[in-house]
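Notes follow once the structure below has been shown.
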Number of protein chains: 2
Amino acid sequence: MTDPPDNPPELARPTAPPDRRPGGRTARIRAQVLDAVRAELGEHGYEGLTMEGVAARAGVHRATVYRRWQDVGGLLADVLDAAGEDDWQPPNTGSLRGDLTALNDEIQESLVAQPSVPEALMAASFRSAQAAHAQHQLWEDRYARCEALVERAIDRGELPPHTDARRLLIAATAPLYHQLVLLRTAPDPQLPGHAATTATLAAAAGAFTRPAQGEES
Amino acid sequence: MTDPPDNPPELARPTAPPDRRPGGRTARIRAQVLDAVRAELGEHGYEGLTMEGVAARAGVHRATVYRRWQDVGGLLADVLDAAGEDDWQPPNTGSLRGDLTALNDEIQESLVAQPSVPEALMAASFRSAQAAHAQHQLWEDRYARCEALVERAIDRGELPPHTDARRLLIAATAPLYHQLVLLRTAPDPQLPGHAATTATLAAAAGAFTRPAQGEES
């Protein structure tokens with residue numbers, strides 16, 4: 001069974017063989033479809049997200065979208081998976097407070113964007129178990145990458161060696177999500193810096209220090 | 001036009017005049033309907049919340065529910081309004097850290113309950129502007145009441161006089177909502193205390209101190 005001719009003319013490569021390499025036809029269709037999901041989600045929210053709407057916007061045959069993503073939950077999960085496949089690295093400004101402020105600036109910018117795709121994905125994750133799982137994995141991945149930021153601060157002597165990186169990172173970033181996503185307060189340009197400073201001061205006071213297990217490891 | 005006989009037999013008071021006092025017939029119908037909304041929301045989420053299901057569960061005529069609450073957004077908003085009408089006061093344990101830990105214990109308990117009505121209301125507030133507004137008002141009210149907790153700590157000399165109560169309270173509580181509602185990590189019994197300690201240490205280090213305006217006021 002061959003794929004239906006579901007890509008728009010400018011992307012059709014009729015003489016090329018089936019191609020599943022990264023950057024090949026499969027990857028291109030995925031990129032088109034996920035772009036369409038993000039655009040539809042941003043414009044209409046989860047409510048207005050349909051397989052048909054995504055297929056039409058992407059210029060991809062409906063049958064392909066159904067076969068590959070099954071349902072709206074599958075589309076959302078793949079958008080979240082794709083978000084975790086980038087080469088994003090946490091800021092590296094030379095100080096813990098600077099790094100956390102820059103991180104929070106990025107978060108605030110993504111959440112106050114109109115429309116905010118990250119916020120739409122969080123909202124959608126309350127409605128699709130598959131999206132919720134993928135959202136959880138994306139957070140895990142992002143916080144894991146940010147641990148490098150904490151390790152650099154330990155290496156610079158800004159933090160005690162037994163600092164719990166995850167707790168520090170959550171303390172630094174949670175107020176942004178809380179205020180912008182849950183409380184829906186107006187964006188405060190000082191919030192990224194305030195939350196970063198709070199976590200930095202608490203860290204210096206030993207708030208995130210784990211008890212050493214035996215000798216220094 | 002008279003009301004249809006929409007209350008169940010044990011609550012019917014055929015000889016009583018129309019009664020809009022608190023505790024009267026109007027208040028009783030509201031209590032029955034809001035109980036039904038909470039129960040339906042807990043069992044089925046926003047998805048399964050319908051005017052018909054609420055009316056049936058409450059034993060109240062559909063027409064009454066439509067007339068008084070218009071739609072599901074109206075029901076959700078009234079549940080949130082009702083939550084703000086209680087006489088809840090923040091914990092008073094004698095220390096800032098104790099108060100914040102007790103507050104966080106309450107929050108964690110409400111969020112890990114199965115089903116969690118607060119979490120279902122947060123999820124619903126992504127879908128109904130009316131619920132979102134009521135949710136925002138409820139948070140505002142709760143944080144405003146908690147300011148007493150910060151004022152007591154200032155009076156005890158645990159905090160500098162110019163402490164920004166709201167920022168301190170958000171720092172203390174945000175990690176719970178972030179981890180339990182957005183990140184969906186497994187509940188950690190140490191989290192309420194950890195988040196309280198973090199905020200207390202940051203506060204002692206001056207993280208929430210506002211610049212004094214002129215002389216002490």
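Starting from 1 in every chain, residues are counted up; chains themselves are A, B, ... following the order of the structure tokens, and ligands are numbered from 1 as listed.
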Within 7 Å of chain A: residues of chain B, using only C-alpha atoms, as an MDAnalysis selection string: chainID B and resid 123 126 136 139 170:171 174:175 178 183:184 197:198 201:202 205 207
Find the spatial neighbours of region 152-162 of chain B, counting only C-alpha atoms, within a cut-off of 7 Å - ignore same-chain residues fewer than 6 positions away - and output them as a PDB file with N, CA, C and O atoms, in the first residue's frame.
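Output file part17.pdb follows:
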ATOM      1  N   SER B  95       4.608  30.278  64.694  1.00  0.00           N
ATOM      2  CA  SER B  95       5.841  30.614  63.961  1.00  0.00           C
ATOM      3  C   SER B  95       5.531  30.679  62.471  1.00  0.00           C
ATOM      4  O   SER B  95       4.593  30.025  61.983  1.00  0.00           O
ATOM      5  N   LEU B  96       6.315  31.469  61.757  1.00  0.00           N
ATOM      6  CA  LEU B  96       6.099  31.609  60.308  1.00  0.00           C
ATOM      7  C   LEU B  96       6.258  30.266  59.616  1.00  0.00           C
ATOM      8  O   LEU B  96       5.417  29.865  58.810  1.00  0.00           O
ATOM      9  N   ALA B 203      12.924  34.664  53.171  1.00  0.00           N
ATOM     10  CA  ALA B 203      12.369  35.860  53.825  1.00  0.00           C
ATOM     11  C   ALA B 203      13.356  36.429  54.830  1.00  0.00           C
ATOM     12  O   ALA B 203      13.577  37.648  54.884  1.00  0.00           O
ATOM     13  N   ALA B 204      13.951  35.536  55.624  1.00  0.00           N
ATOM     14  CA  ALA B 204      14.923  35.989  56.624  1.00  0.00           C
ATOM     15  C   ALA B 204      16.118  36.652  55.952  1.00  0.00           C
ATOM     16  O   ALA B 204      16.741  37.560  56.514  1.00  0.00           O
ATOM     17  N   THR B 209      11.666  41.790  50.947  1.00  0.00           N
ATOM     18  CA  THR B 209      11.632  43.103  51.576  1.00  0.00           C
ATOM     19  C   THR B 209      11.457  44.187  50.521  1.00  0.00           C
ATOM     20  O   THR B 209      12.218  44.252  49.562  1.00  0.00           O
ATOM     21  N   ARG B 210      10.418  44.984  50.716  1.00  0.00           N
ATOM     22  CA  ARG B 210      10.199  46.124  49.828  1.00  0.00           C
ATOM     23  C   ARG B 210      11.040  47.284  50.304  1.00  0.00           C
ATOM     24  O   ARG B 210      11.230  47.456  51.511  1.00  0.00           O
ATOM     25  N   ALA B 212      11.722  50.653  51.809  1.00  0.00           N
ATOM     26  CA  ALA B 212      10.882  51.519  52.638  1.00  0.00           C
ATOM     27  C   ALA B 212      10.597  52.798  51.866  1.00  0.00           C
ATOM     28  O   ALA B 212      11.479  53.345  51.203  1.00  0.00           O
TER      29      ALA B 212
END
Residues of region 15-82 of chain B in alpha helix (DSSP H), written as a PyMOL selection string: chain B and resi 25-44+51-58+62-69+72-82
Within 12 Å of Ala144 (chain B) using only C-alpha atoms, minus same-chain residues under 2 positions, as a PyMOL selection string: chain B and resi 84+88-90+137-142+146-151+164-167+169-170
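Taking CA of Val33 (chain B) as the reference point, CA of Ala58 (chain B) is found at 5.2 Å.
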Computed interatomic separation between CA of Ser116 (chain B) and CA of Leu121 (chain A) (Å):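 Computed distance, CA of Ser116 (chain B) to CA of Leu121 (chain A), equals 21.1 Å.
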